>>> print(open('coords.cif').read())   # mmCIF, N, CA, C and O atoms
data_coords
#
loop_
_atom_site.group_PDB
_atom_site.id
_atom_site.type_symbol
_atom_site.label_atom_id
_atom_site.label_comp_id
_atom_site.auth_asym_id
_atom_site.auth_seq_id
_atom_site.Cartn_x
_atom_site.Cartn_y
_atom_site.Cartn_z
ATOM 1 N N MET A 1 -14.562 38.529 -89.969
ATOM 2 C CA MET A 1 -13.514 38.460 -88.962
ATOM 3 C C MET A 1 -13.193 36.983 -88.719
ATOM 4 O O MET A 1 -14.065 36.189 -88.419
ATOM 5 N N ASN A 2 -11.930 36.638 -88.830
ATOM 6 C CA ASN A 2 -11.547 35.245 -88.582
ATOM 7 C C ASN A 2 -10.731 35.146 -87.295
ATOM 8 O O ASN A 2 -10.375 36.148 -86.677
ATOM 9 N N LEU A 3 -10.452 33.941 -86.913
ATOM 10 C CA LEU A 3 -9.775 33.677 -85.644
ATOM 11 C C LEU A 3 -8.365 34.250 -85.603
ATOM 12 O O LEU A 3 -7.920 34.725 -84.559
ATOM 13 N N GLN A 4 -7.673 34.235 -86.719
ATOM 14 C CA GLN A 4 -6.296 34.741 -86.749
ATOM 15 C C GLN A 4 -6.226 36.238 -86.471
ATOM 16 O O GLN A 4 -5.217 36.729 -85.979
ATOM 17 N N GLU A 5 -7.278 36.963 -86.762
ATOM 18 C CA GLU A 5 -7.296 38.401 -86.504
ATOM 19 C C GLU A 5 -7.461 38.707 -85.014
ATOM 20 O O GLU A 5 -6.912 39.684 -84.515
ATOM 21 N N ILE A 6 -8.244 37.906 -84.318
ATOM 22 C CA ILE A 6 -8.498 38.190 -82.902
ATOM 23 C C ILE A 6 -7.615 37.384 -81.956
ATOM 24 O O ILE A 6 -7.619 37.622 -80.752
ATOM 25 N N LEU A 7 -6.846 36.445 -82.478
ATOM 26 C CA LEU A 7 -5.987 35.607 -81.643
ATOM 27 C C LEU A 7 -4.981 36.402 -80.814
ATOM 28 O O LEU A 7 -4.780 36.081 -79.642
ATOM 29 N N PRO A 8 -4.349 37.464 -81.344
ATOM 30 C CA PRO A 8 -3.424 38.239 -80.499
ATOM 31 C C PRO A 8 -4.092 38.878 -79.278
ATOM 32 O O PRO A 8 -3.430 39.171 -78.287
ATOM 33 N N PHE A 9 -5.386 39.101 -79.325
ATOM 34 C CA PHE A 9 -6.110 39.660 -78.185
ATOM 35 C C PHE A 9 -6.602 38.571 -77.232
ATOM 36 O O PHE A 9 -6.711 38.793 -76.029
ATOM 37 N N LEU A 10 -6.905 37.397 -77.774
ATOM 38 C CA LEU A 10 -7.433 36.310 -76.957
ATOM 39 C C LEU A 10 -6.360 35.612 -76.125
ATOM 40 O O LEU A 10 -6.619 35.226 -74.987
ATOM 41 N N ILE A 11 -5.178 35.424 -76.663
ATOM 42 C CA ILE A 11 -4.131 34.685 -75.950
ATOM 43 C C ILE A 11 -3.775 35.342 -74.618
ATOM 44 O O ILE A 11 -3.775 34.666 -73.587
ATOM 45 N N PRO A 12 -3.483 36.654 -74.560
ATOM 46 C CA PRO A 12 -3.197 37.257 -73.241
ATOM 47 C C PRO A 12 -4.382 37.183 -72.287
ATOM 48 O O PRO A 12 -4.209 36.984 -71.085
ATOM 49 N N LEU A 13 -5.593 37.314 -72.800
ATOM 50 C CA LEU A 13 -6.785 37.240 -71.957
ATOM 51 C C LEU A 13 -6.937 35.854 -71.345
ATOM 52 O O LEU A 13 -7.242 35.718 -70.156
ATOM 53 N N VAL A 14 -6.698 34.828 -72.124
ATOM 54 C CA VAL A 14 -6.785 33.448 -71.622
ATOM 55 C C VAL A 14 -5.693 33.180 -70.596
ATOM 56 O O VAL A 14 -5.929 32.546 -69.561
ATOM 57 N N ILE A 15 -4.494 33.692 -70.830
ATOM 58 C CA ILE A 15 -3.391 33.517 -69.879
ATOM 59 C C ILE A 15 -3.716 34.185 -68.555
ATOM 60 O O ILE A 15 -3.535 33.594 -67.481
ATOM 61 N N VAL A 16 -4.229 35.404 -68.601
ATOM 62 C CA VAL A 16 -4.601 36.120 -67.369
ATOM 63 C C VAL A 16 -5.738 35.393 -66.656
ATOM 64 O O VAL A 16 -5.727 35.265 -65.429
ATOM 65 N N GLN A 17 -6.705 34.890 -67.409
ATOM 66 C CA GLN A 17 -7.833 34.174 -66.817
ATOM 67 C C GLN A 17 -7.366 32.945 -66.053
ATOM 68 O O GLN A 17 -7.774 32.717 -64.908
ATOM 69 N N PHE A 18 -6.504 32.131 -66.653
ATOM 70 C CA PHE A 18 -6.038 30.921 -65.974
ATOM 71 C C PHE A 18 -5.082 31.233 -64.826
ATOM 72 O O PHE A 18 -5.072 30.523 -63.813
ATOM 73 N N ALA A 19 -4.303 32.295 -64.941
ATOM 74 C CA ALA A 19 -3.435 32.697 -63.832
ATOM 75 C C ALA A 19 -4.279 33.138 -62.637
ATOM 76 O O ALA A 19 -3.996 32.761 -61.490
ATOM 77 N N LEU A 20 -5.310 33.927 -62.894
ATOM 78 C CA LEU A 20 -6.203 34.371 -61.818
ATOM 79 C C LEU A 20 -6.930 33.189 -61.200
ATOM 80 O O LEU A 20 -7.052 33.097 -59.972
ATOM 81 N N LEU A 21 -7.395 32.259 -62.019
ATOM 82 C CA LEU A 21 -8.068 31.062 -61.509
ATOM 83 C C LEU A 21 -7.119 30.227 -60.654
ATOM 84 O O LEU A 21 -7.476 29.789 -59.560
ATOM 85 N N GLY A 22 -5.906 30.028 -61.110
ATOM 86 C CA GLY A 22 -4.927 29.247 -60.359
ATOM 87 C C GLY A 22 -4.594 29.889 -59.022
ATOM 88 O O GLY A 22 -4.545 29.211 -57.993
ATOM 89 N N PHE A 23 -4.356 31.194 -59.035
ATOM 90 C CA PHE A 23 -4.038 31.893 -57.790
ATOM 91 C C PHE A 23 -5.210 31.846 -56.823
ATOM 92 O O PHE A 23 -5.028 31.637 -55.616
ATOM 93 N N THR A 24 -6.419 32.010 -57.336
ATOM 94 C CA THR A 24 -7.601 31.976 -56.477
ATOM 95 C C THR A 24 -7.799 30.596 -55.869
ATOM 96 O O THR A 24 -8.072 30.469 -54.667
ATOM 97 N N LEU A 25 -7.657 29.546 -56.667
ATOM 98 C CA LEU A 25 -7.785 28.191 -56.130
ATOM 99 C C LEU A 25 -6.719 27.924 -55.075
ATOM 100 O O LEU A 25 -7.003 27.339 -54.030
ATOM 101 N N TRP A 26 -5.506 28.348 -55.327
ATOM 102 C CA TRP A 26 -4.433 28.183 -54.343
ATOM 103 C C TRP A 26 -4.792 28.914 -53.046
ATOM 104 O O TRP A 26 -4.617 28.370 -51.957
ATOM 105 N N HIS A 27 -5.290 30.126 -53.159
ATOM 106 C CA HIS A 27 -5.620 30.918 -51.972
ATOM 107 C C HIS A 27 -6.758 30.278 -51.196
ATOM 108 O O HIS A 27 -6.708 30.205 -49.962
ATOM 109 N N VAL A 28 -7.788 29.814 -51.875
ATOM 110 C CA VAL A 28 -8.928 29.174 -51.199
ATOM 111 C C VAL A 28 -8.466 27.904 -50.482
ATOM 112 O O VAL A 28 -8.872 27.635 -49.346
ATOM 113 N N LEU A 29 -7.614 27.133 -51.117
ATOM 114 C CA LEU A 29 -7.193 25.856 -50.532
ATOM 115 C C LEU A 29 -6.176 26.011 -49.402
ATOM 116 O O LEU A 29 -6.036 25.105 -48.580
ATOM 117 N N THR A 30 -5.464 27.122 -49.336
ATOM 118 C CA THR A 30 -4.433 27.279 -48.305
ATOM 119 C C THR A 30 -4.859 28.151 -47.130
ATOM 120 O O THR A 30 -4.105 28.258 -46.170
ATOM 121 N N HIS A 31 -6.019 28.757 -47.188
ATOM 122 C CA HIS A 31 -6.472 29.599 -46.081
ATOM 123 C C HIS A 31 -7.687 28.984 -45.406
ATOM 124 O O HIS A 31 -8.475 28.297 -46.041
ATOM 125 N N ARG A 32 -7.843 29.261 -44.138
ATOM 126 C CA ARG A 32 -8.937 28.665 -43.361
ATOM 127 C C ARG A 32 -10.067 29.641 -43.075
ATOM 128 O O ARG A 32 -11.187 29.225 -42.836
ATOM 129 N N ASN A 33 -9.790 30.938 -43.046
ATOM 130 C CA ASN A 33 -10.796 31.921 -42.663
ATOM 131 C C ASN A 33 -11.301 32.680 -43.883
ATOM 132 O O ASN A 33 -10.522 33.098 -44.734
ATOM 133 N N TYR A 34 -12.617 32.878 -43.927
ATOM 134 C CA TYR A 34 -13.258 33.597 -45.017
ATOM 135 C C TYR A 34 -14.243 34.582 -44.411
ATOM 136 O O TYR A 34 -14.804 34.341 -43.353
ATOM 137 N N LYS A 35 -14.459 35.719 -45.075
ATOM 138 C CA LYS A 35 -15.433 36.693 -44.587
ATOM 139 C C LYS A 35 -16.835 36.087 -44.587
ATOM 140 O O LYS A 35 -17.580 36.213 -43.641
ATOM 141 N N ARG A 36 -17.186 35.475 -45.688
ATOM 142 C CA ARG A 36 -18.516 34.863 -45.837
ATOM 143 C C ARG A 36 -18.336 33.449 -46.377
ATOM 144 O O ARG A 36 -17.503 33.199 -47.222
ATOM 145 N N GLY A 37 -19.145 32.535 -45.928
ATOM 146 C CA GLY A 37 -19.129 31.186 -46.459
ATOM 147 C C GLY A 37 -17.982 30.341 -45.931
ATOM 148 O O GLY A 37 -17.318 30.692 -44.964
ATOM 149 N N ASN A 38 -17.769 29.201 -46.599
ATOM 150 C CA ASN A 38 -16.711 28.289 -46.205
ATOM 151 C C ASN A 38 -15.928 27.860 -47.446
ATOM 152 O O ASN A 38 -16.204 28.314 -48.548
ATOM 153 N N ARG A 39 -14.967 26.991 -47.237
ATOM 154 C CA ARG A 39 -14.090 26.570 -48.333
ATOM 155 C C ARG A 39 -14.871 25.912 -49.473
ATOM 156 O O ARG A 39 -14.631 26.198 -50.644
ATOM 157 N N THR A 40 -15.813 25.053 -49.147
ATOM 158 C CA THR A 40 -16.591 24.354 -50.178
ATOM 159 C C THR A 40 -17.381 25.337 -51.029
ATOM 160 O O THR A 40 -17.395 25.239 -52.258
ATOM 161 N N LEU A 41 -18.027 26.291 -50.390
ATOM 162 C CA LEU A 41 -18.790 27.301 -51.120
ATOM 163 C C LEU A 41 -17.889 28.062 -52.079
ATOM 164 O O LEU A 41 -18.225 28.245 -53.247
ATOM 165 N N TRP A 42 -16.725 28.505 -51.612
ATOM 166 C CA TRP A 42 -15.851 29.308 -52.456
ATOM 167 C C TRP A 42 -15.209 28.494 -53.561
ATOM 168 O O TRP A 42 -14.989 29.001 -54.659
ATOM 169 N N LEU A 43 -14.953 27.211 -53.330
ATOM 170 C CA LEU A 43 -14.452 26.368 -54.418
ATOM 171 C C LEU A 43 -15.509 26.237 -55.523
ATOM 172 O O LEU A 43 -15.176 26.317 -56.708
ATOM 173 N N ILE A 44 -16.769 26.072 -55.133
ATOM 174 C CA ILE A 44 -17.839 25.969 -56.120
ATOM 175 C C ILE A 44 -17.983 27.280 -56.889
ATOM 176 O O ILE A 44 -18.079 27.287 -58.123
ATOM 177 N N VAL A 45 -17.982 28.406 -56.176
ATOM 178 C CA VAL A 45 -18.123 29.707 -56.833
ATOM 179 C C VAL A 45 -16.973 29.952 -57.802
ATOM 180 O O VAL A 45 -17.177 30.398 -58.929
ATOM 181 N N VAL A 46 -15.760 29.645 -57.371
ATOM 182 C CA VAL A 46 -14.588 29.907 -58.208
ATOM 183 C C VAL A 46 -14.577 28.998 -59.435
ATOM 184 O O VAL A 46 -14.294 29.447 -60.545
ATOM 185 N N ILE A 47 -14.911 27.731 -59.266
ATOM 186 C CA ILE A 47 -14.850 26.795 -60.390
ATOM 187 C C ILE A 47 -16.016 27.004 -61.350
ATOM 188 O O ILE A 47 -15.824 27.016 -62.570
ATOM 189 N N VAL A 48 -17.221 27.194 -60.832
ATOM 190 C CA VAL A 48 -18.381 27.407 -61.702
ATOM 191 C C VAL A 48 -18.282 28.754 -62.409
ATOM 192 O O VAL A 48 -18.555 28.873 -63.600
ATOM 193 N N GLY A 49 -17.878 29.776 -61.688
ATOM 194 C CA GLY A 49 -17.693 31.095 -62.294
ATOM 195 C C GLY A 49 -16.275 31.252 -62.782
ATOM 196 O O GLY A 49 -15.640 32.263 -62.538
ATOM 197 N N MET A 50 -15.788 30.226 -63.479
ATOM 198 C CA MET A 50 -14.369 30.102 -63.818
ATOM 199 C C MET A 50 -13.825 31.282 -64.600
ATOM 200 O O MET A 50 -12.643 31.566 -64.522
ATOM 201 N N GLU A 51 -14.621 31.968 -65.314
ATOM 202 C CA GLU A 51 -14.082 33.065 -66.069
ATOM 203 C C GLU A 51 -13.570 34.104 -65.081
ATOM 204 O O GLU A 51 -12.850 33.750 -64.182
ATOM 205 N N PHE A 52 -13.846 35.326 -65.223
ATOM 206 C CA PHE A 52 -13.316 36.306 -64.288
ATOM 207 C C PHE A 52 -14.235 36.512 -63.092
ATOM 208 O O PHE A 52 -13.803 36.997 -62.060
ATOM 209 N N ILE A 53 -15.482 36.129 -63.205
ATOM 210 C CA ILE A 53 -16.470 36.433 -62.171
ATOM 211 C C ILE A 53 -16.191 35.706 -60.861
ATOM 212 O O ILE A 53 -16.191 36.322 -59.797
ATOM 213 N N GLY A 54 -15.957 34.393 -60.891
ATOM 214 C CA GLY A 54 -15.742 33.618 -59.669
ATOM 215 C C GLY A 54 -14.544 34.089 -58.860
ATOM 216 O O GLY A 54 -14.677 34.384 -57.665
ATOM 217 N N PRO A 55 -13.364 34.198 -59.468
ATOM 218 C CA PRO A 55 -12.211 34.671 -58.702
ATOM 219 C C PRO A 55 -12.373 36.095 -58.175
ATOM 220 O O PRO A 55 -11.991 36.395 -57.043
ATOM 221 N N ILE A 56 -12.960 36.965 -58.962
ATOM 222 C CA ILE A 56 -13.145 38.345 -58.505
ATOM 223 C C ILE A 56 -14.126 38.397 -57.344
ATOM 224 O O ILE A 56 -13.904 39.124 -56.367
ATOM 225 N N LEU A 57 -15.202 37.611 -57.408
ATOM 226 C CA LEU A 57 -16.145 37.554 -56.281
ATOM 227 C C LEU A 57 -15.450 37.077 -55.016
ATOM 228 O O LEU A 57 -15.713 37.589 -53.924
ATOM 229 N N TYR A 58 -14.581 36.083 -55.148
ATOM 230 C CA TYR A 58 -13.878 35.588 -53.968
ATOM 231 C C TYR A 58 -13.024 36.682 -53.342
ATOM 232 O O TYR A 58 -13.051 36.893 -52.137
ATOM 233 N N PHE A 59 -12.247 37.385 -54.146
ATOM 234 C CA PHE A 59 -11.350 38.383 -53.577
ATOM 235 C C PHE A 59 -12.103 39.591 -53.038
ATOM 236 O O PHE A 59 -11.630 40.256 -52.130
ATOM 237 N N ILE A 60 -13.292 39.868 -53.546
ATOM 238 C CA ILE A 60 -14.084 40.991 -53.020
ATOM 239 C C ILE A 60 -14.883 40.572 -51.793
ATOM 240 O O ILE A 60 -14.905 41.273 -50.785
ATOM 241 N N LEU A 61 -15.539 39.407 -51.861
ATOM 242 C CA LEU A 61 -16.479 39.028 -50.799
ATOM 243 C C LEU A 61 -15.955 37.973 -49.830
ATOM 244 O O LEU A 61 -16.425 37.900 -48.706
ATOM 245 N N GLY A 62 -15.031 37.141 -50.231
ATOM 246 C CA GLY A 62 -14.680 36.003 -49.393
ATOM 247 C C GLY A 62 -13.356 36.054 -48.709
ATOM 248 O O GLY A 62 -13.171 35.453 -47.661
ATOM 249 N N LYS A 63 -12.383 36.742 -49.281
ATOM 250 C CA LYS A 63 -11.032 36.735 -48.719
ATOM 251 C C LYS A 63 -11.011 37.471 -47.386
ATOM 252 O O LYS A 63 -11.439 38.611 -47.281
ATOM 253 N N GLU A 64 -10.484 36.797 -46.390
ATOM 254 C CA GLU A 64 -10.338 37.390 -45.049
ATOM 255 C C GLU A 64 -9.101 38.275 -45.046
ATOM 256 O O GLU A 64 -8.032 37.862 -45.492
ATOM 257 N N ASP A 65 -9.249 39.502 -44.584
ATOM 258 C CA ASP A 65 -8.103 40.413 -44.491
ATOM 259 C C ASP A 65 -7.318 40.087 -43.236
ATOM 260 O O ASP A 65 -7.748 40.342 -42.124
ATOM 261 N N ALA A 66 -6.163 39.483 -43.429
ATOM 262 C CA ALA A 66 -5.362 39.094 -42.260
ATOM 263 C C ALA A 66 -4.011 39.733 -42.273
ATOM 264 O O ALA A 66 -3.459 40.154 -43.176
#
>>> encode(input="coords.cif", output="C-alpha cells")
Amino acid sequence: MNLQEILPFLIPLVIVQFALLGFTLWHVLTHRNYKRGNRTLWLIVVIVGMEFIGPILYFILGKEDA
C-alpha cells in the first residue's frame, strides 16, 4: 500500500481535524465560563490532544451550556 492509494481518505480527515481544532481554539479563547477547569487547562488539553481527542474532550467536559 502506498501513499497515493490512501491519500483520498487522508485529505478529508486532515481537513476535518484542523477545522475542529481551529473551532475549538476559537471557542476556548472567546468564552469565559467552563464546566470544569479554566482556560489554561483547556488550551493545554486541546493543543496536546490535537488530534480528535482534545477538541472532543473540551466539547463534552468543558464547554459551558449557555
>>> select_by_dssp(input="coords.cif", residues="region 12-44 of chain A", states="helix (DSSP H, G or I)", output="number ranges by chain")
A: 12-30, 39-44
>>> residues_around(input="coords.cif", residues="region 24-35 of chain A", least_positions_apart="5", cutoff="8 Å", atoms="only C-alpha atoms", output="MDAnalysis selection string")
chainID A and resid 42:43 46 55 58:59 61:64
>>> atom_distance(input="coords.cif", atom1="CA of Ile56 (chain A)", atom2="CA of Leu13 (chain A)")
14.9 Å
>>> atom_distance(input="coords.cif", atom1="atom C of Val48 (chain A)", atom2="CA of Gln4 (chain A)")
27.8 Å
>>> atom_distance(input="coords.cif", atom1="CA of Ile6 (chain A)", atom2="CA of Val45 (chain A)")
29.1 Å
>>> axis_aligned_box(input="coords.cif", around="region 3-12 of chain A", padding_each_side="4 Å", output="lines of an AutoDock Vina configuration file")
center_x = -6.8
center_y = 36.7
center_z = -79.0
size_x = 15.3
size_y = 14.0
size_z = 23.8
>>> closest_residue(input="coords.cif", among="A:Val16, A:Met1, A:Leu21, A:Leu57", to="Leu41 (chain A)", atoms="only C-alpha atoms")
A:Leu57
>>> decode(input="coords.cif", residues="region 17-35 of chain A", atoms="N, CA and C atoms", output="PDB file, in the first residue's frame")
ATOM      1  N   GLN A  17      -9.931  17.497  10.902  1.00  0.00           N
ATOM      2  CA  GLN A  17      -9.153  17.607  12.135  1.00  0.00           C
ATOM      3  C   GLN A  17      -8.743  19.048  12.401  1.00  0.00           C
ATOM      4  N   PHE A  18      -8.212  19.738  11.398  1.00  0.00           N
ATOM      5  CA  PHE A  18      -7.778  21.120  11.602  1.00  0.00           C
ATOM      6  C   PHE A  18      -8.955  22.080  11.755  1.00  0.00           C
ATOM      7  N   ALA A  19     -10.068  21.802  11.097  1.00  0.00           N
ATOM      8  CA  ALA A  19     -11.260  22.634  11.280  1.00  0.00           C
ATOM      9  C   ALA A  19     -11.779  22.501  12.711  1.00  0.00           C
ATOM     10  N   LEU A  20     -11.830  21.279  13.216  1.00  0.00           N
ATOM     11  CA  LEU A  20     -12.277  21.053  14.595  1.00  0.00           C
ATOM     12  C   LEU A  20     -11.321  21.700  15.583  1.00  0.00           C
ATOM     13  N   LEU A  21     -10.023  21.583  15.346  1.00  0.00           N
ATOM     14  CA  LEU A  21      -9.030  22.214  16.219  1.00  0.00           C
ATOM     15  C   LEU A  21      -9.179  23.732  16.203  1.00  0.00           C
ATOM     16  N   GLY A  22      -9.343  24.316  15.040  1.00  0.00           N
ATOM     17  CA  GLY A  22      -9.498  25.762  14.927  1.00  0.00           C
ATOM     18  C   GLY A  22     -10.749  26.256  15.637  1.00  0.00           C
ATOM     19  N   PHE A  23     -11.863  25.570  15.420  1.00  0.00           N
ATOM     20  CA  PHE A  23     -13.109  25.971  16.072  1.00  0.00           C
ATOM     21  C   PHE A  23     -13.003  25.835  17.583  1.00  0.00           C
ATOM     22  N   THR A  24     -12.374  24.765  18.047  1.00  0.00           N
ATOM     23  CA  THR A  24     -12.224  24.559  19.486  1.00  0.00           C
ATOM     24  C   THR A  24     -11.338  25.629  20.106  1.00  0.00           C
ATOM     25  N   LEU A  25     -10.221  25.948  19.467  1.00  0.00           N
ATOM     26  CA  LEU A  25      -9.353  27.005  19.986  1.00  0.00           C
ATOM     27  C   LEU A  25     -10.085  28.341  20.015  1.00  0.00           C
ATOM     28  N   TRP A  26     -10.826  28.641  18.978  1.00  0.00           N
ATOM     29  CA  TRP A  26     -11.609  29.879  18.948  1.00  0.00           C
ATOM     30  C   TRP A  26     -12.610  29.897  20.106  1.00  0.00           C
ATOM     31  N   HIS A  27     -13.287  28.793  20.331  1.00  0.00           N
ATOM     32  CA  HIS A  27     -14.299  28.732  21.389  1.00  0.00           C
ATOM     33  C   HIS A  27     -13.658  28.886  22.757  1.00  0.00           C
ATOM     34  N   VAL A  28     -12.543  28.227  22.997  1.00  0.00           N
ATOM     35  CA  VAL A  28     -11.857  28.328  24.296  1.00  0.00           C
ATOM     36  C   VAL A  28     -11.393  29.766  24.533  1.00  0.00           C
ATOM     37  N   LEU A  29     -10.873  30.404  23.510  1.00  0.00           N
ATOM     38  CA  LEU A  29     -10.326  31.754  23.680  1.00  0.00           C
ATOM     39  C   LEU A  29     -11.399  32.837  23.783  1.00  0.00           C
ATOM     40  N   THR A  30     -12.603  32.586  23.301  1.00  0.00           N
ATOM     41  CA  THR A  30     -13.639  33.623  23.322  1.00  0.00           C
ATOM     42  C   THR A  30     -14.667  33.450  24.435  1.00  0.00           C
ATOM     43  N   HIS A  31     -14.609  32.374  25.178  1.00  0.00           N
ATOM     44  CA  HIS A  31     -15.571  32.169  26.262  1.00  0.00           C
ATOM     45  C   HIS A  31     -14.871  32.210  27.610  1.00  0.00           C
ATOM     46  N   ARG A  32     -15.593  32.614  28.621  1.00  0.00           N
ATOM     47  CA  ARG A  32     -15.007  32.766  29.959  1.00  0.00           C
ATOM     48  C   ARG A  32     -15.407  31.655  30.917  1.00  0.00           C
ATOM     49  N   ASN A  33     -16.550  31.017  30.703  1.00  0.00           N
ATOM     50  CA  ASN A  33     -17.054  30.025  31.645  1.00  0.00           C
ATOM     51  C   ASN A  33     -16.874  28.617  31.092  1.00  0.00           C
ATOM     52  N   TYR A  34     -16.438  27.713  31.967  1.00  0.00           N
ATOM     53  CA  TYR A  34     -16.227  26.320  31.604  1.00  0.00           C
ATOM     54  C   TYR A  34     -16.842  25.455  32.691  1.00  0.00           C
ATOM     55  N   LYS A  35     -17.334  24.271  32.326  1.00  0.00           N
ATOM     56  CA  LYS A  35     -17.891  23.357  33.321  1.00  0.00           C
ATOM     57  C   LYS A  35     -16.811  22.929  34.313  1.00  0.00           C
TER      58      LYS A  35
END
